[in-house]
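Coordinates from input-v6.cif are shown below (mmCIF, C-alpha atoms).
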data_input
#
loop_
_atom_site.label_atom_id
_atom_site.label_comp_id
_atom_site.auth_asym_id
_atom_site.auth_seq_id
_atom_site.Cartn_x
_atom_site.Cartn_y
_atom_site.Cartn_z
CA MET A 1 13.33 20.32 -6.40
CA THR A 2 15.66 17.74 -4.81
CA THR A 3 19.35 18.72 -4.61
CA PRO A 4 21.51 16.13 -6.42
CA THR A 5 23.93 14.09 -4.31
CA VAL A 6 26.28 13.71 -7.27
CA VAL A 7 26.52 15.23 -10.75
CA LEU A 8 27.82 13.13 -13.66
CA GLN A 9 29.30 14.68 -16.79
CA LEU A 10 30.10 12.97 -20.10
CA GLY A 11 31.33 15.39 -22.74
CA ALA A 12 29.01 18.39 -22.49
CA ALA A 13 26.08 16.36 -21.09
CA GLN A 14 25.26 16.35 -17.36
CA VAL A 15 22.82 14.56 -15.09
CA GLY A 16 22.28 14.63 -11.33
CA LEU A 17 21.57 11.65 -9.07
CA ASP A 18 19.58 11.86 -5.84
CA ALA A 19 17.70 9.49 -3.54
CA TYR A 20 14.76 9.08 -5.95
CA ASN A 21 16.35 9.66 -9.37
CA ASN A 22 19.22 7.39 -8.54
CA ARG A 23 20.07 5.34 -11.67
CA VAL A 24 21.20 6.18 -15.19
CA PHE A 25 22.46 4.39 -18.26
CA VAL A 26 25.48 6.12 -19.79
CA GLY A 27 26.37 5.76 -23.46
CA ARG A 28 26.21 7.04 -27.02
CA ASP A 29 22.48 6.79 -27.80
CA PRO A 30 20.15 9.41 -26.20
CA ALA A 31 17.20 7.07 -26.78
CA ALA A 32 18.85 4.31 -24.70
CA SER A 33 20.88 6.29 -22.13
CA GLN A 34 19.87 9.06 -19.73
CA LEU A 35 23.42 10.47 -19.94
CA ALA A 36 24.48 10.41 -23.59
CA HIS A 37 27.43 11.72 -25.59
CA LEU A 38 27.78 11.23 -29.36
CA GLU A 39 31.23 9.68 -29.39
CA ALA A 40 32.02 6.74 -31.67
CA GLY A 41 34.04 4.95 -28.99
CA LEU A 42 31.00 4.64 -26.72
CA SER A 43 28.50 1.82 -26.95
CA ARG A 44 24.86 2.87 -27.29
CA ARG A 45 24.26 1.72 -23.70
CA HIS A 46 27.81 1.56 -22.34
CA ALA A 47 27.61 1.50 -18.53
CA GLU A 48 25.28 2.01 -15.59
CA VAL A 49 25.87 4.41 -12.69
CA TRP A 50 23.68 4.41 -9.60
CA LEU A 51 23.43 5.82 -6.09
CA THR A 52 22.52 3.66 -3.11
CA GLN A 53 23.05 4.15 0.63
CA GLY A 54 25.33 7.10 -0.03
CA ASN A 55 27.68 5.26 -2.42
CA VAL A 56 28.05 5.82 -6.17
CA TRP A 57 28.49 2.59 -8.14
CA ILE A 58 29.43 1.90 -11.76
CA ARG A 59 29.45 -1.24 -13.91
CA ASP A 60 30.01 -2.02 -17.57
CA LEU A 61 27.15 -3.33 -19.71
CA GLY A 62 29.05 -5.38 -22.27
CA SER A 63 30.55 -2.40 -24.09
CA ALA A 64 33.07 -2.92 -26.89
CA ASN A 65 35.69 -0.57 -25.44
CA GLY A 66 35.18 -1.30 -21.75
CA THR A 67 34.63 0.75 -18.61
CA TRP A 68 37.86 1.62 -16.81
CA VAL A 69 38.51 2.67 -13.21
CA ASN A 70 42.08 3.62 -12.30
CA GLY A 71 43.38 1.91 -15.43
CA GLN A 72 41.52 -1.40 -14.91
CA ALA A 73 38.62 -2.71 -17.01
CA ILE A 74 35.88 -3.48 -14.48
CA GLY A 75 33.47 -5.64 -16.53
CA GLY A 76 30.03 -6.28 -15.05
CA SER A 77 31.23 -6.28 -11.42
CA PRO A 78 30.05 -3.10 -9.64
CA VAL A 79 32.75 -0.74 -8.36
CA VAL A 80 32.29 2.07 -5.82
CA LEU A 81 33.51 5.43 -7.11
CA GLN A 82 35.55 7.70 -4.85
CA PRO A 83 36.88 11.25 -5.34
CA GLY A 84 40.27 11.32 -7.01
CA MET A 85 39.76 8.21 -9.16
CA GLN A 86 40.10 8.14 -12.95
CA VAL A 87 37.07 6.81 -14.84
CA TYR A 88 36.82 6.26 -18.59
CA LEU A 89 34.15 4.79 -20.84
CA GLY A 90 36.44 3.53 -23.55
CA SER A 91 38.70 6.57 -23.98
CA VAL A 92 35.98 9.08 -22.96
CA PRO A 93 36.43 10.47 -19.42
CA LEU A 94 33.49 10.43 -17.00
CA ALA A 95 33.53 13.31 -14.51
CA VAL A 96 31.81 12.96 -11.13
CA ARG A 97 31.19 15.79 -8.65
CA TRP A 98 29.86 15.21 -5.14
CA THR A 99 27.78 18.17 -3.94
CA SER A 100 29.12 17.59 -0.42
CA GLY A 101 32.70 17.97 -1.73
CA GLY A 102 35.12 15.94 -3.82
CA ALA A 103 35.27 15.10 -7.52
CA ILE A 104 36.56 12.84 -10.28
CA ALA A 105 38.09 15.02 -12.96
CA ALA A 106 37.60 14.54 -16.70
CA ALA A 107 41.22 14.23 -17.87
CA PRO A 108 41.97 13.43 -21.55
CA ALA A 109 43.16 9.86 -22.13
CA ALA A 110 46.90 9.42 -22.65
CA PRO A 111 48.04 7.83 -25.98
CA ALA A 112 49.25 4.71 -24.16
CA PHE A 113 45.82 4.27 -22.54
CA ALA A 114 44.06 4.68 -25.91
CA ALA A 115 46.20 1.83 -27.25
CA GLN A 116 45.19 -0.27 -24.22
CA VAL A 117 41.51 0.39 -24.96
CA GLN A 118 41.97 -0.64 -28.59
CA HIS A 119 43.66 -3.89 -27.54
CA HIS A 120 40.77 -4.56 -25.12
CA GLN A 121 38.27 -3.98 -27.92
CA GLN A 122 40.02 -6.54 -30.12
CA GLN A 123 40.00 -9.11 -27.29
CA VAL A 124 36.29 -8.56 -26.65
CA ALA A 125 35.45 -8.94 -30.35
CA GLN A 126 37.44 -12.18 -30.59
CA ALA A 127 35.82 -13.61 -27.47
CA ALA A 128 32.32 -12.73 -28.66
CA ALA A 129 32.89 -14.34 -32.05
CA ALA A 130 34.36 -17.51 -30.56
CA ALA A 131 31.89 -18.15 -27.76
CA PRO A 132 28.19 -18.58 -28.58
CA ALA A 133 25.71 -18.40 -25.72
CA PRO A 134 25.66 -21.74 -23.85
CA LEU A 135 22.37 -23.55 -24.03
CA ALA A 136 20.68 -24.19 -20.71
CA SER A 137 20.70 -27.78 -19.46
CA GLN A 138 17.03 -27.58 -18.44
CA PRO A 139 14.05 -25.53 -19.58
CA LEU A 140 12.49 -22.70 -17.62
CA PRO A 141 10.84 -24.23 -14.50
CA LYS A 142 7.12 -24.91 -14.92
CA ASP A 143 6.20 -23.44 -11.52
CA TYR A 144 7.20 -19.99 -12.84
CA SER A 145 3.79 -19.88 -14.47
CA TYR A 146 3.06 -16.12 -14.45
CA ARG A 147 4.60 -15.24 -17.81
CA ARG A 148 4.64 -12.55 -20.47
CA GLN A 149 6.75 -12.21 -23.62
CA ASP A 150 7.44 -9.79 -26.45
CA ALA A 151 9.48 -10.03 -29.64
CA ASN A 152 10.90 -8.37 -32.70
CA GLY A 153 12.89 -9.68 -35.64
CA ASN A 154 15.98 -10.22 -33.48
CA GLY A 155 14.48 -12.40 -30.77
CA VAL A 156 11.88 -13.22 -28.16
CA VAL A 157 12.24 -12.28 -24.50
CA LEU A 158 10.05 -13.77 -21.77
CA LEU A 159 9.70 -12.81 -18.09
CA ALA A 160 8.38 -15.37 -15.62
CA LEU A 161 7.47 -15.36 -11.92
CA LYS A 162 5.75 -17.86 -9.66
CA GLN A 163 2.95 -15.35 -8.99
CA ASP A 164 1.87 -11.85 -9.90
CA THR A 165 2.35 -10.39 -6.39
CA ALA A 166 5.44 -8.81 -4.77
CA TRP A 167 5.96 -7.61 -1.19
CA SER A 168 7.72 -4.49 0.03
CA GLY A 169 11.11 -5.24 1.60
CA GLN A 170 11.58 -8.71 0.05
CA LYS A 171 13.51 -10.22 -2.85
CA LEU A 172 11.62 -11.11 -6.00
CA HIS A 173 12.82 -14.29 -7.73
CA GLY A 174 12.17 -14.87 -11.41
CA PHE A 175 13.43 -16.05 -14.80
CA VAL A 176 14.18 -14.19 -18.01
CA GLU A 177 14.41 -16.25 -21.21
CA PHE A 178 15.86 -15.04 -24.52
CA THR A 179 15.32 -16.85 -27.81
CA ALA A 180 17.48 -15.62 -30.71
CA LEU A 181 15.74 -15.32 -34.07
CA ASP A 182 18.93 -14.38 -35.89
CA ASN A 183 22.71 -14.63 -35.45
CA GLU A 184 23.62 -11.59 -33.38
CA THR A 185 25.90 -10.23 -30.66
CA VAL A 186 24.21 -9.62 -27.31
CA ALA A 187 25.76 -6.96 -25.05
CA SER A 188 23.74 -7.61 -21.88
CA ILE A 189 20.45 -8.70 -20.35
CA THR A 190 19.01 -6.56 -17.55
CA VAL A 191 15.82 -6.64 -15.48
CA GLU A 192 14.50 -3.59 -13.61
CA LEU A 193 11.72 -2.97 -11.09
CA ILE A 194 9.67 0.10 -12.00
CA GLU A 195 6.99 2.08 -10.18
CA LYS A 196 4.77 4.19 -12.43
CA HIS A 197 2.98 6.87 -10.42
CA ALA A 198 0.29 9.13 -11.86
CA ASP A 199 2.21 12.19 -10.56
CA GLY A 200 5.64 10.94 -11.62
CA PRO A 201 7.56 10.79 -14.91
CA GLY A 202 5.93 8.98 -17.80
CA LYS A 203 8.49 6.18 -17.94
CA GLY A 204 8.26 5.53 -14.21
CA HIS A 205 10.88 5.29 -11.47
CA VAL A 206 13.46 2.46 -11.39
CA TRP A 207 13.80 1.18 -7.82
CA ASP A 208 16.27 -1.61 -8.61
CA ARG A 209 18.03 -3.00 -11.68
CA VAL A 210 19.99 -6.26 -12.00
CA LEU A 211 22.49 -7.25 -14.67
CA VAL A 212 21.31 -10.80 -15.34
CA ARG A 213 24.07 -11.54 -17.84
CA GLN A 214 26.89 -9.47 -19.25
CA GLY A 215 28.28 -10.01 -22.74
CA PRO A 216 29.14 -9.59 -25.36
CA TRP A 217 28.41 -13.07 -26.67
CA LYS A 218 27.32 -14.45 -30.03
CA ALA A 219 23.76 -15.74 -29.97
CA LEU A 220 22.98 -18.16 -32.78
CA HIS A 221 19.62 -18.57 -34.52
CA ASN A 222 17.15 -20.52 -32.30
CA ASP A 223 19.40 -20.43 -29.20
CA VAL A 224 17.21 -20.46 -26.07
CA LEU A 225 18.75 -19.04 -22.91
CA PRO A 226 16.71 -19.15 -19.64
CA LEU A 227 18.41 -17.25 -16.80
CA PRO A 228 17.33 -16.91 -13.13
CA PHE A 229 17.45 -13.52 -11.42
CA GLU A 230 16.54 -11.91 -8.13
CA ILE A 231 15.74 -8.26 -7.61
CA ASP A 232 15.31 -6.23 -4.40
CA VAL A 233 11.95 -4.70 -3.56
CA PRO A 234 12.87 -1.79 -1.26
CA SER A 235 11.25 -1.42 2.14
CA GLY A 236 8.40 1.05 2.30
CA VAL A 237 7.34 1.25 -1.34
CA ALA A 238 3.80 2.12 -2.39
CA PRO A 239 1.24 -0.66 -2.77
CA SER A 240 -0.55 -0.97 -6.09
CA ALA A 241 -3.48 1.43 -6.32
CA ARG A 242 -5.40 3.54 -8.83
CA GLU A 243 -2.47 5.96 -9.20
CA VAL A 244 0.37 3.46 -8.67
CA HIS A 245 1.30 0.65 -11.06
CA TRP A 246 4.30 -1.69 -10.85
CA TYR A 247 6.04 -3.83 -13.42
CA LEU A 248 9.25 -5.65 -14.26
CA HIS A 249 11.05 -4.61 -17.43
CA ALA A 250 13.57 -6.93 -19.12
CA VAL A 251 15.88 -5.61 -21.85
CA VAL A 252 18.09 -7.67 -24.15
CA ASP A 253 20.67 -5.17 -25.47
CA ILE A 254 21.74 -6.29 -28.95
CA ASN A 255 24.77 -4.71 -30.62
CA TRP A 256 24.07 -2.98 -33.96
CA ALA A 257 20.37 -3.94 -33.89
CA SER A 258 17.11 -3.18 -32.07
CA ASP A 259 16.81 -4.22 -28.43
CA VAL A 260 14.21 -6.78 -27.38
CA ASP A 261 12.22 -5.98 -24.22
CA VAL A 262 9.11 -7.01 -22.31
CA GLU A 263 7.09 -5.66 -19.35
CA LEU A 264 5.43 -7.85 -16.72
CA PRO A 265 2.81 -6.10 -14.50
CA LEU A 266 2.97 -6.70 -10.74
CA THR A 267 0.65 -6.29 -7.78
CA MET A 268 2.69 -4.69 -4.97
CA ARG A 269 1.78 -5.13 -1.31
CA ASN A 270 3.14 -3.41 1.81
CA HIS A 271 2.75 -5.43 5.01
CA ASP A 272 3.49 -2.42 7.26
CA LEU A 273 0.57 -0.46 5.85
CA GLU A 274 -1.63 -3.54 6.01
CA ARG A 275 -0.85 -4.00 9.72
CA ILE A 276 -1.88 -0.42 10.47
CA ARG A 277 -5.03 -0.80 8.38
CA ASP A 278 -5.96 -4.04 10.14
CA ALA A 279 -5.26 -2.64 13.62
CA LEU A 280 -7.61 0.29 13.03
CA GLY A 281 -10.06 -2.06 11.36
CA ALA A 282 -10.18 -4.07 14.57
CA LEU A 283 -11.37 -0.84 16.25
CA ASP A 284 -14.07 -0.54 13.57
CA TYR A 285 -12.41 2.37 11.76
CA ARG A 286 -13.21 2.12 8.04
CA PHE A 287 -10.41 2.44 5.49
CA SER A 288 -10.61 3.58 1.87
CA GLU A 289 -7.14 3.82 0.27
CA TRP A 290 -3.57 4.86 0.99
CA ARG A 291 -2.45 7.98 -0.87
CA SER A 292 1.20 8.11 -1.88
CA ARG A 293 3.62 10.57 -3.45
CA ALA A 294 5.65 9.78 -6.54
CA HIS A 295 8.89 7.95 -5.64
CA ALA A 296 8.53 8.93 -1.98
CA GLN A 297 8.13 6.54 0.93
CA ARG A 298 5.34 8.58 2.52
CA PHE A 299 1.69 7.50 2.79
CA ASP A 300 -1.51 9.06 4.11
CA ALA A 301 -5.02 7.75 4.67
CA ARG A 302 -8.21 8.78 6.43
CA PHE A 303 -10.11 6.27 8.54
CA GLN A 304 -13.81 6.89 9.18
CA PRO A 305 -14.95 6.37 12.79
CA PRO A 306 -17.40 3.73 14.04
CA ALA A 307 -21.00 4.80 14.59
CA GLN A 308 -20.64 5.39 18.34
CA HIS A 309 -17.96 8.08 17.75
CA ARG A 310 -19.53 9.98 14.88
CA GLY A 311 -20.98 12.64 17.17
CA ARG A 312 -17.53 13.57 18.45
CA ILE A 313 -15.07 12.76 15.67
CA ASN A 314 -14.92 13.20 11.90
CA GLY A 315 -12.07 10.77 11.29
CA VAL A 316 -8.51 9.73 11.99
CA ASP A 317 -5.76 10.84 9.60
CA VAL A 318 -2.79 8.49 9.54
CA GLY A 319 0.60 9.42 8.11
CA VAL A 320 3.36 6.86 7.56
CA GLU A 321 6.83 8.03 6.54
CA TYR A 322 9.85 5.76 6.06
CA LEU A 323 13.09 7.32 7.30
CA GLY A 324 15.88 4.86 6.57
CA ALA A 325 15.64 1.99 9.08
CA THR A 326 12.74 3.59 10.93
CA VAL A 327 9.20 4.62 10.13
CA LYS A 328 7.30 7.53 11.59
CA LEU A 329 3.65 6.86 12.37
CA ALA A 330 1.62 9.99 13.09
CA LEU A 331 -2.07 10.08 13.99
CA GLN A 332 -4.21 13.21 13.89
CA ILE A 333 -7.67 13.11 15.43
CA ASP A 334 -10.16 15.28 13.56
CA LYS A 335 -12.52 16.20 16.40
CA LYS A 336 -15.80 17.97 15.73
CA GLY A 337 -15.49 21.65 16.54
CA ARG A 338 -11.80 21.44 17.35
CA ASP A 339 -8.49 21.36 15.46
CA ARG A 340 -6.64 18.17 14.61
CA GLU A 341 -4.11 16.95 17.14
CA GLU A 342 -0.96 14.99 16.29
CA ALA A 343 -0.60 12.04 18.63
CA VAL A 344 2.44 9.74 18.32
CA ALA A 345 5.40 8.34 16.41
CA ILE A 346 6.26 4.61 16.35
CA ASP A 347 9.50 3.14 15.01
CA LEU A 348 9.73 0.41 12.38
CA ALA A 349 10.90 -2.32 14.77
CA GLN A 350 7.85 -1.76 16.98
CA LEU A 351 5.51 -1.71 14.02
CA ARG A 352 6.78 -5.00 12.61
CA GLY A 353 7.66 -6.85 15.80
CA SER A 354 4.58 -6.29 17.94
CA PRO A 355 1.53 -8.58 17.71
CA VAL A 356 -1.37 -6.92 15.94
CA GLU A 357 -3.28 -6.94 19.24
CA VAL A 358 -0.58 -4.76 20.83
CA LEU A 359 -0.62 -2.36 17.89
CA THR A 360 -4.43 -2.20 18.10
CA ALA A 361 -4.28 -1.41 21.84
CA THR A 362 -1.63 1.28 21.23
CA LEU A 363 -3.77 2.99 18.60
CA GLN A 364 -6.85 2.73 20.84
CA LYS A 365 -4.99 4.49 23.68
CA ILE A 366 -3.80 7.26 21.35
CA ILE A 367 -7.34 7.91 20.16
CA ASP A 368 -8.79 7.74 23.68
CA ASP A 369 -6.19 10.21 25.02
CA ALA A 370 -6.88 12.64 22.19
CA MET A 371 -10.63 12.50 22.83
CA ARG A 372 -10.39 13.57 26.47
#
For the file at hand, write its structure as structure tokens.
Amino acid sequence: MTTPTVVLQLGAAQVGLDAYNNRVFVGRDPAASQLAHLEAGLSRRHAEVWLTQGNVWIRDLGSANGTWVNGQAIGGSPVVLQPGMQVYLGSVPLAVRWTSGGAIAAAPAAPAFAAQVQHHQQQVAQAAAAAPAPLASQPLPKDYSYRRQDANGNGVVLLALKQDTAWSGQKLHGFVEFTALDNETVASITVELIEKHADGPGKGHVWDRVLVRQGPWKALHNDVLPLPFEIDVPSGVAPSAREVHWYLHAVVDINWASDVDVELPLTMRNHDLERIRDALGALDYRFSEWRSRAHAQRFDARFQPPAQHRGRINGVDVGVEYLGATVKLALQIDKKGRDREEAVAIDLAQLRGSPVEVLTATLQKIIDDAMR
């Protein structure tokens, strides 16, 4: 089991964040938030807290009573949390404990602060009632032709991309469009990138999530709101395979009513793994499929040898492991009658920067040296 980097506490509920389970919604509704506390002053999905590159971030998700850091309402702009701060969701304190040392204590809200939260709530309600969602000046672009939508009685949400394929380490550009089927208050619109692995949790792992628009705002019947977004595809994620499926998930969070959401399947590709596959393919080693671990940036594959080597070698086992800005490439030669032998490690800059011919020659030398 992975040791959490930080532990969050809201009321009596706790959740840990680590490198792979690194994002949670925090709020009142256990069905909508991974860290939930049944307190009337919380919105059902009040805020988001996430861990990235060693920092803990928080942002509000259009809550009625606001998310407060050191006495300031932060809105949808992410804020880095540090030990010693004061953090409140409305008047409910959020405690944070770093396992390496340091904490944010859960101190009860002072009466003066509770009055400040109530005043904020009144301002938010007035602004939401006065400002309907602005209509877009142009429709969703036609070249975003890979589309899927879903709906309920509150509205229709559509996700659109230019194509169904994404690449590891790049940004994915798309549009989300919401059509209101009733007069309602929208708290936020988010889009998340999810990997669903056969050995992982049923709901999948969220690699990135973007707040496309923060509310609250009043959406009127038949309002159509197309919004562009971009989301990061982390470096070194698993390509689509039999046990790995990817999709985008858009959620329109509607106050006092059912959310509207849609999923858009993706084909994920990893150029680093493809370069290794192609380099060994140029040596006539035959590839079947990369095997991955849930949420981990580690991949393994066996390459069958060409006919002229089958009397001496059973295969080449390749392991690729992403370690921050570098990648470890290990080859083990399964020789007939002898144990496997680990051969080499190559960093990420070499893997990506070298021509495929150089990578092919490097792998050829490794195999030749191991066969002596």
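The residues returned by the PyMOL selection byres ((chain A and resi 304) around 10) on the shown structure are A:Leu280, A:Gly281, A:Asp284, A:Tyr285, A:Arg286, A:Phe287, A:Ser288, A:Ala301, A:Arg302, A:Phe303, A:Pro305, A:Pro306, A:Ala307, A:His309, A:Arg310, A:Ile313, A:Asn314, A:Gly315, A:Val316, A:Asp317.
Within 10 Å of region 202-204 of chain A, once only C-alpha atoms are used and residues closer than 5 positions along the same chain are dropped, the contacting residues are Leu193, Ile194, Glu195, Lys196, His197, Val244, His245, Trp246, Tyr247, Ala294 and His295 of chain A.
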Chain and number of each residue from the PyMOL selection byres ((chain A and resi 42) around 6), as a list in words: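 So the PyMOL selection byres ((chain A and resi 42) around 6) ends up selecting Gly27, Arg28, Glu39, Ala40, Gly41 and Ser43 of chain A.
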For C-alpha atoms, I'd like the residues from the last selection saved as an mmCIF file, keeping the file's coordinate frame.
data_model
loop_
_atom_site.group_PDB
_atom_site.id
_atom_site.type_symbol
_atom_site.label_atom_id
_atom_site.label_comp_id
_atom_site.auth_asym_id
_atom_site.auth_seq_id
_atom_site.Cartn_x
_atom_site.Cartn_y
_atom_site.Cartn_z
ATOM 1 C CA GLY A 27 26.370 5.760 -23.460
ATOM 2 C CA ARG A 28 26.210 7.040 -27.020
ATOM 3 C CA GLU A 39 31.230 9.680 -29.390
ATOM 4 C CA ALA A 40 32.020 6.740 -31.670
ATOM 5 C CA GLY A 41 34.040 4.950 -28.990
ATOM 6 C CA SER A 43 28.500 1.820 -26.950
#
Could the residues of region 168-277 of chain A that have an atom at most 12 Å from region 321-332 of chain A be listed as a tab-separated table, each with its closest atom pair and the distance in Å to one decimal, counting all atoms listed in the file and ordered by chain and ascending residue number?
residue	atom	partner	partner_atom	distance
A:Gly169	CA	A:Ala325	CA	11.3
A:Pro234	CA	A:Gly324	CA	10.7
A:Ser235	CA	A:Tyr322	CA	8.3
A:Gly236	CA	A:Tyr322	CA	6.2
A:Val237	CA	A:Tyr322	CA	9.0
A:Ala238	CA	A:Tyr322	CA	11.0
A:Asp272	CA	A:Val327	CA	9.5
A:Leu273	CA	A:Leu329	CA	10.3
A:Ile276	CA	A:Leu329	CA	9.3
Neighbour residues at most 12 Å from (8.7, -5.6, 15.4) (all atoms listed in the file) as a PyMOL selection string: chain A and resi 271-272+275+326-327+346-356+358-359
I'd like the residues picked by the PyMOL selection byres ((chain A and resi 85-98) around 9) written out as a CSV table (one decimal) with C-alpha atoms, in the coordinates of the input, using the chain letters and numbers from the file.
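Saved to expr_2.csv:
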chain,number,residue,atom,x,y,z
A,4,PRO,CA,21.5,16.1,-6.4
A,5,THR,CA,23.9,14.1,-4.3
A,6,VAL,CA,26.3,13.7,-7.3
A,7,VAL,CA,26.5,15.2,-10.8
A,8,LEU,CA,27.8,13.1,-13.7
A,9,GLN,CA,29.3,14.7,-16.8
A,10,LEU,CA,30.1,13.0,-20.1
A,11,GLY,CA,31.3,15.4,-22.7
A,26,VAL,CA,25.5,6.1,-19.8
A,27,GLY,CA,26.4,5.8,-23.5
A,39,GLU,CA,31.2,9.7,-29.4
A,41,GLY,CA,34.0,5.0,-29.0
A,42,LEU,CA,31.0,4.6,-26.7
A,43,SER,CA,28.5,1.8,-27.0
A,46,HIS,CA,27.8,1.6,-22.3
A,47,ALA,CA,27.6,1.5,-18.5
A,60,ASP,CA,30.0,-2.0,-17.6
A,63,SER,CA,30.6,-2.4,-24.1
A,64,ALA,CA,33.1,-2.9,-26.9
A,65,ASN,CA,35.7,-0.6,-25.4
A,66,GLY,CA,35.2,-1.3,-21.8
A,67,THR,CA,34.6,0.8,-18.6
A,68,TRP,CA,37.9,1.6,-16.8
A,69,VAL,CA,38.5,2.7,-13.2
A,70,ASN,CA,42.1,3.6,-12.3
A,71,GLY,CA,43.4,1.9,-15.4
A,81,LEU,CA,33.5,5.4,-7.1
A,82,GLN,CA,35.6,7.7,-4.8
A,83,PRO,CA,36.9,11.2,-5.3
A,84,GLY,CA,40.3,11.3,-7.0
A,99,THR,CA,27.8,18.2,-3.9
A,100,SER,CA,29.1,17.6,-0.4
A,101,GLY,CA,32.7,18.0,-1.7
A,102,GLY,CA,35.1,15.9,-3.8
A,103,ALA,CA,35.3,15.1,-7.5
A,104,ILE,CA,36.6,12.8,-10.3
A,105,ALA,CA,38.1,15.0,-13.0
A,106,ALA,CA,37.6,14.5,-16.7
A,107,ALA,CA,41.2,14.2,-17.9
A,108,PRO,CA,42.0,13.4,-21.6
A,109,ALA,CA,43.2,9.9,-22.1
A,110,ALA,CA,46.9,9.4,-22.6
A,113,PHE,CA,45.8,4.3,-22.5
A,114,ALA,CA,44.1,4.7,-25.9
A,117,VAL,CA,41.5,0.4,-25.0
A,118,GLN,CA,42.0,-0.6,-28.6
A,121,GLN,CA,38.3,-4.0,-27.9
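Residues lying within 6 Å of region 208-219 of chain A, counting all atoms listed in the file and ignoring same-chain neighbours fewer than 4 positions away, are Gly62, Ala128, Ala129, Pro132, Ala133, Asn183, Glu184, Thr185, Val186, Ala187, Ser188, Ile189, Thr190, Val191, Glu192 and Leu193 of chain A.
Atom pair CA of Ala160 (chain A) / CA of Glu48 (chain A) has a distance of 24.2 Å (rounded to one decimal).
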Atom-to-atom span, CA of Gln364 (chain A) and CA of Asp300 (chain A), Å: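 Spanning CA of Gln364 (chain A) to CA of Asp300 (chain A) is a straight-line distance of 18.7 Å.
Comparing A:Asp278, A:Asp334, A:Glu243, A:Asp232 by their smallest distance to Asp199 (chain A), the closest is A:Glu243 (using all atoms listed in the file).
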Selection near region 162-165 of chain A, 9 Å with only C-alpha atoms, sequence-local residues under 3 positions removed, as a list in words: Lys142, Asp143, Tyr144, Ser145, Tyr146, Arg147, His173, Gly174, Leu264, Pro265, Leu266, Thr267, Met268 and Arg269 of chain A
Please produce an output containing C-alpha atoms for each residue in the selection, written as an mmCIF file, in the frame of the given file.
data_model
loop_
_atom_site.group_PDB
_atom_site.id
_atom_site.type_symbol
_atom_site.label_atom_id
_atom_site.label_comp_id
_atom_site.auth_asym_id
_atom_site.auth_seq_id
_atom_site.Cartn_x
_atom_site.Cartn_y
_atom_site.Cartn_z
ATOM 1 C CA LYS A 142 7.120 -24.910 -14.920
ATOM 2 C CA ASP A 143 6.200 -23.440 -11.520
ATOM 3 C CA TYR A 144 7.200 -19.990 -12.840
ATOM 4 C CA SER A 145 3.790 -19.880 -14.470
ATOM 5 C CA TYR A 146 3.060 -16.120 -14.450
ATOM 6 C CA ARG A 147 4.600 -15.240 -17.810
ATOM 7 C CA HIS A 173 12.820 -14.290 -7.730
ATOM 8 C CA GLY A 174 12.170 -14.870 -11.410
ATOM 9 C CA LEU A 264 5.430 -7.850 -16.720
ATOM 10 C CA PRO A 265 2.810 -6.100 -14.500
ATOM 11 C CA LEU A 266 2.970 -6.700 -10.740
ATOM 12 C CA THR A 267 0.650 -6.290 -7.780
ATOM 13 C CA MET A 268 2.690 -4.690 -4.970
ATOM 14 C CA ARG A 269 1.780 -5.130 -1.310
#
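With only C-alpha atoms taken into account, the protein and nucleic acid residues at most 10 Å from Asn21 (chain A) (excluding it and anything under 2 positions from it in its own chain) are Thr2, Pro4, Val15, Gly16, Leu17, Asp18, Ala19, Arg23, Val24, Trp50, Leu51, His205, Val206, Trp207 and His295 of chain A.
Interatomic distance, CA of Leu181 (chain A) against CA of Leu158 (chain A): 13.6 Å.
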Distance criterion (all atoms listed in the file): nearest to Ala130 (chain A) out of A:His249, A:Ala257, A:Val80, A:Leu220: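 For Ala130 (chain A), the nearest of the candidates is A:Leu220.
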Of the listed residues A:Glu289, A:Glu177, A:Asp182, A:Asp368, that which approaches Ile254 (chain A) most closely, counting all atoms listed in the file: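 Looking only at the distances to Ile254 (chain A), the closest residue turns out to be A:Asp182.
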